[in-house]
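A.B. asks: For reference, the structure I am asking about is given below.
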Amino acid sequence: MKKITLAKGNIAEQEVTFIVNAANEELLWEDKTVNGMIHLGGGYQLTQACEAWVKQHGKVKTSYFAVTEGFNLSCDYIIHVVGPVYPCNRNAEQELINTYKNVLSWAYRRLFMLPSSIAIPAISTGAFQYPFKDATKIQIEIAKQYREFYNEIRLVYYTDEDLEIAQEILNDR
């Protein structure tokens, strides 16, 4: 069954094919963020892989991503995506839309026709300050456009309050 699931918890603990990391452009570890949880769970090998990726390809631009193995996490791959900084970026809404579309279309093409699942946090809503409710509307709308390509798209939130807001948005759409 093709579905969108809302979950509360640590994204680094999700057992899926792909975990999406709300990363910074240098793929550096940050404390108390989605990125920090993923790096902590992935271990030193993940940090090394991120450093090597940036050394080879350069910084990750907004709406684009880098991919690493899951290492110590319960996923095959981590998609490290850089969302827009709000309100600094005048094109933040379109860039957030592009961020979700780029990740979901790449992951589907990567495992074309194979059963897969993906866990995605609320990109740009933490340190990048995108308003949670507005970002979640975009996240859910794009997830609905891609759900037929996945066994599951799991949208993961860290607090009960965020999960409740997301559930209301999903129910209204």
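Just so we're on the same page: first chain in the structure tokens is A, next is B, and so on; residues restart at 1 for each chain, and ligands are numbered from 1 in the order they show up.
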Quick one: everything within 7 Å of region 9-16 of chain A, counting only C-alpha atoms, minus sequence neighbours fewer than 6 positions away in the same chain. Send it as a ChimeraX atom specification.

C.D. replies: /A:37-38,41,73-75,117-119,121,156-158

A.B. asks: Residues near Leu114 (chain A), anyone? I mean within 12 Å using only C-alpha atoms, not counting same-chain ones fewer than 4 positions away, as a list of chain:residue names.

C.D. replies: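 Listing them by chain and then by number gives A:Thr17, A:Ala107, A:Tyr108, A:Arg109, A:Arg110, A:Phe149, A:Tyr150, A:Asn151.
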
A.B. asks: Using only C-alpha atoms, determine which residues lie at most 10 Å from Asp160 (chain A), disregarding the query and same-chain residues fewer than 3 positions distant; provide the list as a tab-separated table (two decimals) with C-alpha atoms, in the first residue's frame.

C.D. replies:
chain	number	residue	atom	x	y	z
A	7	ALA	CA	5.57	9.94	12.93
A	8	LYS	CA	7.02	11.51	16.05
A	9	GLY	CA	10.58	10.69	16.94
A	157	TYR	CA	8.53	15.35	13.54
A	163	LEU	CA	3.02	16.18	14.79
A	164	GLU	CA	-0.44	17.56	15.68
A	165	ILE	CA	-0.02	20.50	13.29
A	166	ALA	CA	1.10	18.17	10.51

A.B. asks: Excluding region 29-35 of chain A and its own-chain neighbours fewer than 3 positions away, which residues fall within 12 Å of it when counting only C-alpha atoms? Please give them as JSON, numbers by chain.

C.D. replies: {"A": [9, 10, 11, 12, 13, 19, 20, 21, 22, 23, 24, 25, 26, 38, 39, 40, 41, 42, 43, 44, 46, 47, 48, 49, 50, 51, 78, 79, 80, 81, 82, 119, 120, 121, 122, 123, 124, 125, 126, 127, 128, 156, 157, 158]}

A.B. asks: Suppose we keep N, CA and C atoms; can you now write the selection as a short mmCIF file (atom, residue, chain, number, x, y, z; two decimals), in the first residue's frame?

C.D. replies:
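Ended up saving to selection-v5.cif:
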data_model
loop_
_atom_site.label_atom_id
_atom_site.label_comp_id
_atom_site.auth_asym_id
_atom_site.auth_seq_id
_atom_site.Cartn_x
_atom_site.Cartn_y
_atom_site.Cartn_z
N GLY A 9 9.39 11.39 16.48
CA GLY A 9 10.58 10.69 16.94
C GLY A 9 11.86 11.25 16.36
N ASN A 10 12.90 10.50 16.58
CA ASN A 10 14.23 10.84 16.10
C ASN A 10 14.38 10.28 14.69
N ILE A 11 14.59 11.12 13.72
CA ILE A 11 14.70 10.65 12.34
C ILE A 11 15.83 9.66 12.16
N ALA A 12 16.87 9.79 12.95
CA ALA A 12 18.02 8.89 12.84
C ALA A 12 17.67 7.45 13.24
N GLU A 13 16.55 7.24 13.89
CA GLU A 13 16.15 5.91 14.33
C GLU A 13 15.12 5.25 13.41
N ILE A 19 16.95 7.97 4.54
CA ILE A 19 16.68 9.02 5.52
C ILE A 19 17.14 10.32 4.90
N VAL A 20 16.32 11.36 5.02
CA VAL A 20 16.69 12.67 4.53
C VAL A 20 17.23 13.47 5.71
N ASN A 21 18.39 14.06 5.50
CA ASN A 21 19.04 14.88 6.51
C ASN A 21 18.88 16.35 6.13
N ALA A 22 18.35 17.15 7.03
CA ALA A 22 18.29 18.60 6.84
C ALA A 22 19.67 19.15 7.18
N ALA A 23 20.51 19.20 6.18
CA ALA A 23 21.93 19.49 6.36
C ALA A 23 22.27 20.96 6.12
N ASN A 24 23.51 21.30 6.42
CA ASN A 24 24.05 22.60 6.03
C ASN A 24 24.92 22.38 4.79
N GLU A 25 25.32 23.44 4.15
CA GLU A 25 26.01 23.33 2.86
C GLU A 25 27.37 22.64 2.94
N GLU A 26 27.96 22.59 4.11
CA GLU A 26 29.26 21.94 4.28
C GLU A 26 29.13 20.52 4.85
N ILE A 38 21.51 12.74 13.14
CA ILE A 38 21.92 11.80 12.09
C ILE A 38 23.42 11.54 12.16
N HIS A 39 24.20 12.58 12.33
CA HIS A 39 25.65 12.39 12.43
C HIS A 39 26.01 11.58 13.67
N LEU A 40 25.36 11.86 14.79
CA LEU A 40 25.63 11.12 16.01
C LEU A 40 25.31 9.63 15.82
N GLY A 41 24.17 9.36 15.21
CA GLY A 41 23.78 7.96 14.98
C GLY A 41 24.62 7.28 13.90
N GLY A 42 25.00 8.02 12.88
CA GLY A 42 25.77 7.44 11.78
C GLY A 42 27.21 7.15 12.12
N GLY A 43 27.75 7.88 13.08
CA GLY A 43 29.10 7.63 13.54
C GLY A 43 30.18 8.33 12.73
N TYR A 44 31.40 8.05 13.11
CA TYR A 44 32.57 8.71 12.53
C TYR A 44 32.68 8.46 11.02
N LEU A 46 30.33 8.28 8.88
CA LEU A 46 29.44 9.22 8.21
C LEU A 46 30.10 10.59 8.10
N THR A 47 30.69 11.04 9.19
CA THR A 47 31.38 12.33 9.16
C THR A 47 32.50 12.32 8.12
N GLN A 48 33.25 11.25 8.07
CA GLN A 48 34.32 11.13 7.07
C GLN A 48 33.76 11.15 5.65
N ALA A 49 32.66 10.45 5.42
CA ALA A 49 32.05 10.40 4.09
C ALA A 49 31.56 11.79 3.67
N CYS A 50 30.98 12.53 4.61
CA CYS A 50 30.51 13.88 4.31
C CYS A 50 31.68 14.81 3.98
N GLU A 51 32.74 14.72 4.76
CA GLU A 51 33.92 15.54 4.49
C GLU A 51 34.50 15.22 3.12
N ILE A 78 21.60 7.96 3.17
CA ILE A 78 21.22 9.24 3.75
C ILE A 78 21.31 10.27 2.64
N ILE A 79 20.24 11.02 2.44
CA ILE A 79 20.22 12.09 1.46
C ILE A 79 20.36 13.39 2.25
N HIS A 80 21.51 14.04 2.14
CA HIS A 80 21.80 15.27 2.88
C HIS A 80 21.38 16.44 2.01
N VAL A 81 20.30 17.10 2.38
CA VAL A 81 19.74 18.16 1.55
C VAL A 81 19.85 19.50 2.28
N VAL A 82 20.07 20.54 1.49
CA VAL A 82 20.16 21.89 2.05
C VAL A 82 18.91 22.66 1.64
N ALA A 119 12.18 8.51 4.92
CA ALA A 119 11.80 9.31 6.09
C ALA A 119 12.35 10.72 5.90
N ILE A 120 11.46 11.71 6.07
CA ILE A 120 11.83 13.10 5.79
C ILE A 120 11.45 13.98 6.98
N PRO A 121 12.39 14.81 7.44
CA PRO A 121 12.06 15.76 8.50
C PRO A 121 11.42 17.02 7.91
N ALA A 122 11.07 17.94 8.76
CA ALA A 122 10.53 19.24 8.32
C ALA A 122 11.72 20.13 7.95
N ILE A 123 12.12 20.06 6.70
CA ILE A 123 13.32 20.74 6.21
C ILE A 123 13.18 22.26 6.36
N SER A 124 14.25 22.88 6.82
CA SER A 124 14.40 24.34 6.97
C SER A 124 13.63 24.95 8.13
N THR A 125 12.93 24.14 8.93
CA THR A 125 12.11 24.72 9.99
C THR A 125 12.85 24.93 11.30
N GLY A 126 14.05 24.41 11.42
CA GLY A 126 14.82 24.58 12.64
C GLY A 126 15.72 25.80 12.54
N ALA A 127 17.00 25.55 12.41
CA ALA A 127 18.00 26.63 12.36
C ALA A 127 17.78 27.58 11.19
N PHE A 128 17.14 27.09 10.11
CA PHE A 128 16.93 27.93 8.92
C PHE A 128 15.64 28.74 9.01
N VAL A 156 8.63 12.84 9.51
CA VAL A 156 9.02 12.66 10.91
C VAL A 156 9.17 14.01 11.60
N TYR A 157 8.52 14.11 12.75
CA TYR A 157 8.53 15.35 13.54
C TYR A 157 9.06 15.04 14.93
N TYR A 158 9.68 16.02 15.53
CA TYR A 158 10.36 15.80 16.80
C TYR A 158 9.48 16.05 18.02
#

A.B. asks: Once DSSP has gone over the backbone, tell me which residues of region 26-173 of chain A are in strand (DSSP E or B), as a ChimeraX atom specification.

C.D. replies: /A:65-69,77-81,117-120,152-157

A.B. asks: Give me, as a ChimeraX atom specification, all polymer residues having an atom no more than 10 Å from Gln167 (chain A), counting only C-alpha atoms and skipping those fewer than 3 positions away in the same chain.

C.D. replies: /A:5-7,136,140,161-164,170-172
